[in-house]
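**Q** Pasting protein26.cif below, which is mmCIF, C-alpha atoms.
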```
data_upload
loop_
_atom_site.label_atom_id
_atom_site.label_comp_id
_atom_site.auth_asym_id
_atom_site.auth_seq_id
_atom_site.Cartn_x
_atom_site.Cartn_y
_atom_site.Cartn_z
CA MET A 1 14.03 2.42 48.38
CA LYS A 2 15.00 3.34 44.85
CA ASN A 3 12.37 3.95 42.21
CA ARG A 4 11.20 0.51 41.25
CA LEU A 5 11.14 0.41 37.50
CA LYS A 6 11.72 2.24 34.26
CA TRP A 7 10.05 1.11 31.05
CA TRP A 8 12.27 0.49 28.03
CA LEU A 9 9.70 0.49 25.27
CA ALA A 10 10.65 1.21 21.71
CA GLY A 11 8.20 3.21 19.72
CA VAL A 12 5.73 3.90 22.48
CA ALA A 13 3.35 6.70 21.52
CA VAL A 14 3.20 9.70 23.86
CA VAL A 15 0.17 11.93 24.22
CA MET A 16 0.92 15.49 25.23
CA GLY A 17 -1.43 18.28 26.23
CA ILE A 18 -0.30 21.90 25.95
CA SER A 19 -2.46 24.77 27.11
CA SER A 20 -2.32 28.33 25.94
CA GLY A 21 -4.39 30.87 27.80
CA ILE A 22 -7.09 28.49 29.03
CA PRO A 23 -6.51 24.88 30.10
CA VAL A 24 -6.98 22.41 27.27
CA ALA A 25 -8.92 20.11 29.58
CA ASN A 26 -11.67 22.72 29.90
CA ALA A 27 -11.94 23.51 26.20
CA ALA A 28 -14.11 21.69 23.67
CA THR A 29 -12.28 19.69 21.03
CA SER A 30 -13.08 20.82 17.51
CA GLY A 31 -15.14 18.26 15.60
CA LYS A 32 -12.77 18.36 12.64
CA TYR A 33 -9.89 16.72 14.55
CA LEU A 34 -9.23 13.09 15.41
CA THR A 35 -9.14 12.34 19.13
CA GLY A 36 -8.37 9.38 21.35
CA ASN A 37 -5.30 7.17 21.56
CA VAL A 38 -2.58 7.59 18.98
CA GLY A 39 -1.99 4.71 16.63
CA TYR A 40 -2.01 3.77 12.97
CA VAL A 41 -3.78 5.87 10.34
CA ARG A 42 -4.16 5.97 6.58
CA THR A 43 -4.08 9.16 4.57
CA LYS A 44 -7.19 10.26 2.70
CA LYS A 45 -5.19 12.19 0.10
CA ALA A 46 -1.62 12.73 -1.09
CA MET A 47 0.11 15.13 1.31
CA TYR A 48 3.24 16.14 3.19
CA VAL A 49 3.43 14.82 6.76
CA GLY A 50 6.97 15.68 7.88
CA ILE A 51 8.76 12.63 6.44
CA TYR A 52 12.09 13.09 4.66
CA LYS A 53 14.03 10.65 2.45
CA LYS A 54 17.74 10.84 1.72
CA THR A 55 18.55 10.91 -1.99
CA ASN A 56 22.00 11.65 -3.40
CA GLY A 57 23.20 12.68 0.04
CA LYS A 58 20.39 15.14 0.73
CA TYR A 59 17.08 14.81 2.55
CA LYS A 60 13.97 15.78 0.62
CA GLN A 61 10.47 15.90 2.05
CA VAL A 62 8.25 13.08 0.79
CA LYS A 63 4.73 13.64 -0.45
CA VAL A 64 3.00 10.48 0.73
CA LYS A 65 0.32 8.94 -1.45
CA LYS A 66 -3.36 8.56 -0.64
CA ASN A 67 -4.06 5.52 1.58
CA THR A 68 -0.49 5.42 2.95
CA LEU A 69 -0.15 3.65 6.29
CA LEU A 70 1.40 5.93 8.92
CA ASN A 71 2.13 5.68 12.61
CA ALA A 72 0.89 8.67 14.60
CA GLU A 73 3.80 8.56 17.04
CA SER A 74 2.48 11.38 19.20
CA ILE A 75 -0.23 14.01 19.26
CA MET A 76 -0.38 17.47 20.80
CA SER A 77 -3.49 19.40 21.73
CA MET A 78 -3.64 23.15 22.31
CA ASP A 79 -6.02 26.06 22.51
CA ASP A 80 -7.16 27.16 19.06
CA GLY A 81 -7.80 30.73 20.26
CA HIS A 82 -11.56 30.41 19.86
CA GLY A 83 -12.51 28.40 22.92
CA GLY A 84 -11.75 25.07 21.29
CA VAL A 85 -8.85 22.69 20.93
CA LYS A 86 -6.80 21.90 17.85
CA THR A 87 -4.77 18.71 17.56
CA THR A 88 -1.53 18.14 15.69
CA ALA A 89 0.47 14.92 15.23
CA LEU A 90 3.93 13.58 14.51
CA PHE A 91 3.99 10.89 11.84
CA THR A 92 6.42 8.19 10.73
CA TYR A 93 6.15 5.21 8.40
CA GLY A 94 6.42 3.08 11.52
CA VAL A 95 8.73 0.07 11.63
CA VAL A 96 9.76 -0.65 8.04
CA ASN A 97 12.63 -2.73 6.66
CA TYR A 98 16.19 -1.64 7.46
CA LYS A 99 17.24 -0.65 3.93
CA ARG A 100 14.24 1.64 3.64
CA ALA A 101 14.34 2.93 7.23
CA LYS A 102 17.99 4.01 7.20
CA ALA A 103 17.24 6.55 4.43
CA LEU A 104 14.39 8.21 6.34
CA LYS A 105 14.26 11.13 8.72
CA TYR A 106 11.27 12.44 10.67
CA LYS A 107 10.29 15.64 12.39
CA ASN A 108 10.65 15.48 16.16
CA ILE A 109 7.62 17.55 17.07
CA ALA A 110 3.91 17.12 16.39
CA THR A 111 3.08 19.86 13.85
CA ILE A 112 0.76 18.24 11.26
CA PRO A 113 -2.98 19.03 11.78
CA PHE A 114 -4.60 15.74 12.82
CA THR A 115 -7.86 16.22 10.95
CA LYS A 116 -10.62 13.81 10.01
CA ALA A 117 -10.49 15.18 6.48
CA ASN A 118 -6.92 13.94 6.01
CA PHE A 119 -6.60 10.79 8.18
CA ARG A 120 -8.58 7.80 9.36
CA TYR A 121 -7.70 5.38 12.13
CA VAL A 122 -6.94 1.78 11.18
CA THR A 123 -6.01 -1.41 13.04
CA LEU A 124 -3.40 -3.86 11.84
CA LYS A 125 -4.79 -7.04 10.32
CA ALA A 126 -1.80 -8.87 11.78
CA PRO A 127 -1.37 -7.48 15.32
CA ILE A 128 1.97 -9.27 15.82
CA ARG A 129 3.67 -6.85 13.43
CA THR A 130 6.63 -5.11 15.13
CA GLN A 131 6.43 -7.46 18.15
CA ILE A 132 9.91 -8.67 19.10
CA PHE A 133 9.99 -12.45 19.51
CA LEU A 134 12.94 -13.86 21.46
CA ASN A 135 14.24 -17.43 21.60
CA GLY A 136 13.43 -19.49 24.65
CA LYS A 137 10.83 -19.90 27.37
CA GLY A 138 11.55 -16.51 28.94
CA TYR A 139 14.24 -14.07 30.00
CA THR A 140 17.20 -15.33 32.00
CA ALA A 141 19.76 -13.38 34.00
CA ASN A 142 23.35 -13.06 32.81
CA SER A 143 26.24 -14.69 34.69
CA THR A 144 26.54 -11.79 37.15
CA ASN A 145 22.79 -11.55 37.74
CA MET A 146 22.97 -7.85 36.85
CA ALA A 147 20.94 -7.80 33.62
CA ALA A 148 18.98 -10.01 31.25
CA ASP A 149 21.10 -12.25 29.04
CA PRO A 150 20.57 -11.30 25.36
CA THR A 151 19.07 -13.94 23.09
CA PRO A 152 18.44 -14.01 19.33
CA GLY A 153 15.13 -12.67 18.10
CA PHE A 154 13.15 -11.32 15.19
CA TYR A 155 10.13 -9.25 14.22
CA LEU A 156 7.84 -8.66 11.25
CA THR A 157 7.96 -5.15 9.79
CA LEU A 158 4.95 -3.19 8.59
CA ASP A 159 6.15 -3.59 4.99
CA ASN A 160 6.41 -7.39 5.26
CA TYR A 161 10.00 -8.26 6.08
CA LEU A 162 11.19 -10.72 8.70
CA GLN A 163 14.23 -9.16 10.36
CA TYR A 164 16.37 -11.53 12.43
CA TYR A 165 18.96 -10.44 15.02
CA SER A 166 21.63 -12.76 16.41
CA LYS A 167 22.56 -12.79 20.10
CA THR A 168 25.53 -10.53 19.31
CA ALA A 169 23.32 -8.09 17.40
CA MET A 170 20.76 -8.02 20.22
CA ALA A 171 23.51 -7.30 22.77
CA LYS A 172 24.40 -4.19 20.74
CA ALA A 173 20.78 -3.01 20.51
CA PRO A 174 19.68 -1.82 23.99
CA PHE A 175 16.47 -0.27 22.68
CA LEU A 176 15.56 -3.47 20.83
CA PHE A 177 16.41 -6.27 23.21
CA GLY A 178 14.31 -5.89 26.34
CA ALA A 179 11.48 -4.06 24.55
CA ARG A 180 8.15 -5.47 23.44
CA TRP A 181 7.96 -3.64 20.11
CA ALA A 182 10.50 -2.40 17.62
CA GLY A 183 10.43 1.35 17.07
CA SER A 184 10.84 3.68 14.13
CA THR A 185 13.25 6.13 15.79
CA LYS A 186 16.07 3.61 16.39
CA VAL A 187 17.24 1.71 13.30
CA TYR A 188 19.26 -1.46 13.84
CA LYS A 189 20.78 -3.47 11.01
CA PRO A 190 19.44 -7.04 11.09
CA THR A 191 21.75 -10.03 10.91
CA ARG A 192 19.55 -11.45 8.15
CA SER A 193 16.18 -10.66 6.61
CA VAL A 194 13.70 -12.02 4.09
CA LYS A 195 10.69 -10.63 2.25
CA VAL A 196 7.35 -12.09 3.32
CA SER A 197 4.79 -13.10 0.69
CA LYS A 198 1.72 -13.70 2.85
CA VAL A 199 0.47 -13.20 6.41
CA THR A 200 -2.72 -14.82 7.71
CA VAL A 201 -4.31 -14.59 11.14
CA LYS A 202 -6.80 -16.92 12.76
CA GLY A 203 -7.52 -16.65 16.46
CA ASN A 204 -4.29 -16.87 18.48
CA THR A 205 -2.26 -18.05 15.49
CA THR A 206 -0.45 -16.08 12.79
CA LYS A 207 1.09 -17.76 9.73
CA ILE A 208 3.90 -16.04 7.84
CA ASP A 209 4.91 -17.36 4.39
CA TYR A 210 8.17 -16.56 2.59
CA SER A 211 10.33 -17.97 -0.21
CA LYS A 212 13.76 -18.47 1.36
CA ALA A 213 14.74 -20.11 4.67
CA LEU A 214 16.12 -17.58 7.14
CA LYS A 215 19.02 -18.98 9.17
CA GLY A 216 18.27 -18.61 12.86
CA LEU A 217 14.53 -19.16 12.55
CA PRO A 218 12.68 -22.51 12.88
CA ASN A 219 11.71 -22.48 9.20
CA LYS A 220 9.16 -25.05 8.07
CA LYS A 221 9.53 -26.01 4.41
CA LEU A 222 6.19 -26.58 2.68
CA SER A 223 7.57 -26.95 -0.84
CA LYS A 224 10.40 -25.65 -2.99
CA GLY A 225 10.65 -21.91 -2.41
CA HIS A 226 7.88 -21.94 0.20
CA TYR A 227 8.55 -21.68 3.93
CA ARG A 228 6.30 -20.83 6.87
CA LEU A 229 6.40 -19.67 10.47
CA THR A 230 3.32 -20.57 12.53
CA ILE A 231 3.22 -18.25 15.56
CA THR A 232 0.86 -19.20 18.38
CA ASN A 233 0.15 -17.19 21.53
CA LYS A 234 0.06 -19.67 24.41
CA LYS A 235 -1.56 -17.03 26.64
CA THR A 236 0.68 -17.95 29.54
CA THR A 237 3.10 -15.56 31.19
CA GLY A 238 6.29 -15.50 33.22
CA SER A 239 8.45 -13.06 35.16
CA LEU A 240 11.96 -12.78 36.58
CA GLY A 241 13.57 -10.46 39.14
CA ILE A 242 17.19 -9.54 38.41
CA ASN A 243 19.84 -8.13 40.76
CA PRO A 244 17.97 -8.10 44.09
CA THR A 245 18.60 -4.92 46.09
CA ASP A 246 17.12 -4.61 49.58
CA ASP A 247 13.47 -5.63 49.25
CA THR A 248 13.13 -5.09 45.49
CA PHE A 249 14.95 -5.75 42.22
CA ASP A 250 17.06 -3.46 40.08
CA ALA A 251 15.59 -5.08 36.97
CA PHE A 252 12.39 -6.99 36.37
CA ALA A 253 11.48 -9.00 33.28
CA SER A 254 8.01 -10.13 32.23
CA TRP A 255 6.79 -11.96 29.15
CA THR A 256 4.09 -13.88 27.31
CA ASN A 257 4.87 -17.36 26.00
CA TYR A 258 4.58 -18.24 22.31
CA THR A 259 5.47 -21.20 20.14
CA ILE A 260 6.84 -20.79 16.64
CA ASN A 261 6.72 -23.97 14.58
CA GLY A 262 6.64 -25.82 17.90
CA LYS A 263 9.71 -24.04 19.34
CA ALA A 264 9.53 -21.94 22.50
CA TYR A 265 9.66 -18.15 22.07
CA HIS A 266 8.64 -15.25 24.28
CA PHE A 267 7.46 -11.67 23.87
CA GLY A 268 8.10 -9.29 26.74
CA GLU A 269 10.21 -6.52 28.23
CA VAL A 270 12.86 -5.76 30.83
CA GLU A 271 12.28 -2.87 33.20
CA TYR A 272 15.22 -1.26 34.98
CA GLY A 273 15.33 0.84 38.14
CA ASN A 274 16.89 4.27 38.12
#
```
Once you've parsed the file, please lay out its structure as structure tokens.

**A**
Amino acid sequence: MKNRLKWWLAGVAVVMGISSGIPVANAATSGKYLTGNVGYVRTKKAMYVGIYKKTNGKYKQVKVKKNTLLNAESIMSMDDGHGGVKTTALFTYGVVNYKRAKALKYKNIATIPFTKANFRYVTLKAPIRTQIFLNGKGYTANSTNMAADPTPGFYLTLDNYLQYYSKTAMAKAPFLFGARWAGSTKVYKPTRSVKVSKVTVKGNTTKIDYSKALKGLPNKKLSKGHYRLTITNKKTTGSLGINPTDDTFDAFASWTNYTINGKAYHFGEVEYGN
């Protein structure tokens, strides 16, 4: 039987442990470093964190401001040479709007000291940010039953843009369609986008307000220059096996059901066998 599944997740944080001399697992972590799962942080001072921006054809390292939101994409722990463990991290701005993202470049190794003096963990006030919402009640197989059939979708960036992708655009974005979250390392040009003015969260429902209707979305007009998406988690799930092979499937899709302004949407992923 072939290996069952392979996750296609964009932007998934990876935690790595590297030992030098003595195993990291047996060494005490220094109290000055952040520990635990990687995630979002804010800076406690202006500093360089391995982010570069292209200006006039050349990349220049950015000195981020105090209180900047960053995504700690990965962390690395190693022996500090004194019986303890030091931790370093790789940072990005996370999933930001396309125009901004295409001018950015990041280091590909965790080298920035992940200290409590410089960073603090934060949680997103709107947890649906970067979630990829796809049209329909769930994934469906394509005409050959070999893969999931692409559908239009969208997501909300960390810097408050709705980015919409048509079916054609999704078909060209293998690391976007079939993933739960958009990622910062793969930048795909949206079909259309709009700046968001306000995001509010109450229970299972998130409301997103913006000034211009975005073709492809079920926009609800509240007044002139005021539109809203009301996103509700139905807390029901679905799944689909694709391309049956022997006693398993070559691909397997799973999702959670949502409604957006009363229309069916889903949030999920497609896993493929090797």

**Q** Using Å and a single decimal, report how far CA of Tyr40 (chain A) sits from CA of Ala173 (chain A).

**A** 24.9 Å

**Q** Enumerate, as a list in words, the residues matched when the PyMOL selection byres ((chain A and resi 127) around 12) is run on the file above.

**A**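 Selected by the PyMOL selection byres ((chain A and resi 127) around 12) in this file: Tyr40, Val122, Thr123, Leu124, Lys125, Ala126, Ile128, Arg129, Thr130, Gln131, Ile132, Tyr155, Leu156, Thr157, Leu158, Trp181, Val199, Thr200, Val201, Lys202, Gly203, Asn204, Thr205, Thr206, Lys207, Ile231 and Asn233 of chain A.
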
**Q** Would you write out, as a list in words, every residue that the PyMOL selection byres ((chain A and resi 218) around 10) captures in this file?

**A**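 For this structure, the PyMOL selection byres ((chain A and resi 218) around 10) captures Ala213, Leu214, Lys215, Gly216, Leu217, Asn219, Lys220, Lys221, Tyr227, Arg228, Leu229, Thr230, Ile260, Asn261, Gly262 and Lys263 of chain A.
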
**Q** For the structure shown, which residues end up in the PyMOL selection byres ((chain A and resi 51) around 9)? Put them as a PyMOL selection string, please?

**A** chain A and resi 48-50+52-53+60-64+91-93+104-107

**Q** Which polymer residues have any atom within 10 Å of an atom of Gly238 (chain A), counting only C-alpha atoms, with same-chain residues fewer than 3 positions away left out, as a CSV table (one decimal) with C-alpha atoms, keeping the file's coordinate frame?

**A**
```
chain,number,residue,atom,x,y,z
A,137,LYS,CA,10.8,-19.9,27.4
A,138,GLY,CA,11.6,-16.5,28.9
A,139,TYR,CA,14.2,-14.1,30.0
A,253,ALA,CA,11.5,-9.0,33.3
A,254,SER,CA,8.0,-10.1,32.2
A,255,TRP,CA,6.8,-12.0,29.2
A,256,THR,CA,4.1,-13.9,27.3
A,257,ASN,CA,4.9,-17.4,26.0
A,266,HIS,CA,8.6,-15.2,24.3
A,268,GLY,CA,8.1,-9.3,26.7
```

**Q** Do you know which residues are at most 7 Å from Gly153 (chain A) counting all atoms listed in the file, after dropping those on the same chain fewer than 5 positions away, and could you put them as a PyMOL selection string?

**A** chain A and resi 132-135+164-166

**Q** Produce region 86-103 of chain A of the given structure as output with N, CA, C and O atoms, as a PDB file, in the first residue's frame.

**A**
```
ATOM      1  N   LYS A  86      19.859  27.795  23.368  1.00  0.00           N
ATOM      2  CA  LYS A  86      19.480  29.083  22.798  1.00  0.00           C
ATOM      3  C   LYS A  86      18.531  28.837  21.626  1.00  0.00           C
ATOM      4  O   LYS A  86      18.608  27.809  20.944  1.00  0.00           O
ATOM      5  N   THR A  87      17.634  29.773  21.405  1.00  0.00           N
ATOM      6  CA  THR A  87      16.615  29.616  20.375  1.00  0.00           C
ATOM      7  C   THR A  87      16.688  30.772  19.393  1.00  0.00           C
ATOM      8  O   THR A  87      16.775  31.935  19.792  1.00  0.00           O
ATOM      9  N   THR A  88      16.662  30.440  18.111  1.00  0.00           N
ATOM     10  CA  THR A  88      16.631  31.454  17.066  1.00  0.00           C
ATOM     11  C   THR A  88      15.384  31.233  16.205  1.00  0.00           C
ATOM     12  O   THR A  88      14.796  30.150  16.209  1.00  0.00           O
ATOM     13  N   ALA A  89      14.987  32.257  15.454  1.00  0.00           N
ATOM     14  CA  ALA A  89      13.750  32.166  14.672  1.00  0.00           C
ATOM     15  C   ALA A  89      13.925  32.768  13.291  1.00  0.00           C
ATOM     16  O   ALA A  89      14.830  33.569  13.042  1.00  0.00           O
ATOM     17  N   LEU A  90      13.040  32.357  12.394  1.00  0.00           N
ATOM     18  CA  LEU A  90      12.928  32.921  11.057  1.00  0.00           C
ATOM     19  C   LEU A  90      11.625  33.702  11.004  1.00  0.00           C
ATOM     20  O   LEU A  90      10.564  33.167  11.321  1.00  0.00           O
ATOM     21  N   PHE A  91      11.708  34.963  10.613  1.00  0.00           N
ATOM     22  CA  PHE A  91      10.529  35.832  10.628  1.00  0.00           C
ATOM     23  C   PHE A  91      10.126  36.281   9.227  1.00  0.00           C
ATOM     24  O   PHE A  91      10.969  36.479   8.344  1.00  0.00           O
ATOM     25  N   THR A  92       8.817  36.464   9.044  1.00  0.00           N
ATOM     26  CA  THR A  92       8.270  37.120   7.858  1.00  0.00           C
ATOM     27  C   THR A  92       7.183  38.086   8.334  1.00  0.00           C
ATOM     28  O   THR A  92       6.788  38.065   9.504  1.00  0.00           O
ATOM     29  N   TYR A  93       6.684  38.898   7.410  1.00  0.00           N
ATOM     30  CA  TYR A  93       5.521  39.723   7.723  1.00  0.00           C
ATOM     31  C   TYR A  93       4.239  38.896   7.719  1.00  0.00           C
ATOM     32  O   TYR A  93       3.172  39.404   8.029  1.00  0.00           O
ATOM     33  N   GLY A  94       4.343  37.620   7.356  1.00  0.00           N
ATOM     34  CA  GLY A  94       3.158  36.803   7.215  1.00  0.00           C
ATOM     35  C   GLY A  94       2.474  37.091   5.890  1.00  0.00           C
ATOM     36  O   GLY A  94       3.080  37.615   4.946  1.00  0.00           O
ATOM     37  N   VAL A  95       1.203  36.762   5.798  1.00  0.00           N
ATOM     38  CA  VAL A  95       0.458  36.922   4.549  1.00  0.00           C
ATOM     39  C   VAL A  95      -0.061  38.348   4.440  1.00  0.00           C
ATOM     40  O   VAL A  95      -1.037  38.724   5.085  1.00  0.00           O
ATOM     41  N   VAL A  96       0.619  39.147   3.631  1.00  0.00           N
ATOM     42  CA  VAL A  96       0.218  40.541   3.395  1.00  0.00           C
ATOM     43  C   VAL A  96      -0.248  40.680   1.951  1.00  0.00           C
ATOM     44  O   VAL A  96      -0.126  39.749   1.146  1.00  0.00           O
ATOM     45  N   ASN A  97      -0.776  41.855   1.596  1.00  0.00           N
ATOM     46  CA  ASN A  97      -1.344  42.036   0.261  1.00  0.00           C
ATOM     47  C   ASN A  97      -0.294  41.858  -0.830  1.00  0.00           C
ATOM     48  O   ASN A  97       0.896  42.064  -0.626  1.00  0.00           O
ATOM     49  N   TYR A  98      -0.777  41.457  -2.007  1.00  0.00           N
ATOM     50  CA  TYR A  98       0.101  41.059  -3.115  1.00  0.00           C
ATOM     51  C   TYR A  98       1.107  42.142  -3.504  1.00  0.00           C
ATOM     52  O   TYR A  98       2.299  41.864  -3.669  1.00  0.00           O
ATOM     53  N   LYS A  99       0.653  43.377  -3.640  1.00  0.00           N
ATOM     54  CA  LYS A  99       1.544  44.456  -4.070  1.00  0.00           C
ATOM     55  C   LYS A  99       2.711  44.619  -3.099  1.00  0.00           C
ATOM     56  O   LYS A  99       3.854  44.834  -3.516  1.00  0.00           O
ATOM     57  N   ARG A 100       2.414  44.502  -1.826  1.00  0.00           N
ATOM     58  CA  ARG A 100       3.456  44.606  -0.810  1.00  0.00           C
ATOM     59  C   ARG A 100       4.321  43.350  -0.784  1.00  0.00           C
ATOM     60  O   ARG A 100       5.550  43.420  -0.706  1.00  0.00           O
ATOM     61  N   ALA A 101       3.688  42.183  -0.856  1.00  0.00           N
ATOM     62  CA  ALA A 101       4.402  40.912  -0.706  1.00  0.00           C
ATOM     63  C   ALA A 101       5.402  40.662  -1.833  1.00  0.00           C
ATOM     64  O   ALA A 101       6.479  40.099  -1.597  1.00  0.00           O
ATOM     65  N   LYS A 102       5.061  41.074  -3.067  1.00  0.00           N
ATOM     66  CA  LYS A 102       5.936  40.757  -4.189  1.00  0.00           C
ATOM     67  C   LYS A 102       7.266  41.515  -4.134  1.00  0.00           C
ATOM     68  O   LYS A 102       8.209  41.165  -4.862  1.00  0.00           O
ATOM     69  N   ALA A 103       7.364  42.538  -3.272  1.00  0.00           N
ATOM     70  CA  ALA A 103       8.612  43.301  -3.149  1.00  0.00           C
ATOM     71  C   ALA A 103       9.458  42.826  -1.970  1.00  0.00           C
ATOM     72  O   ALA A 103      10.508  43.410  -1.697  1.00  0.00           O
TER      73      ALA A 103
END
```
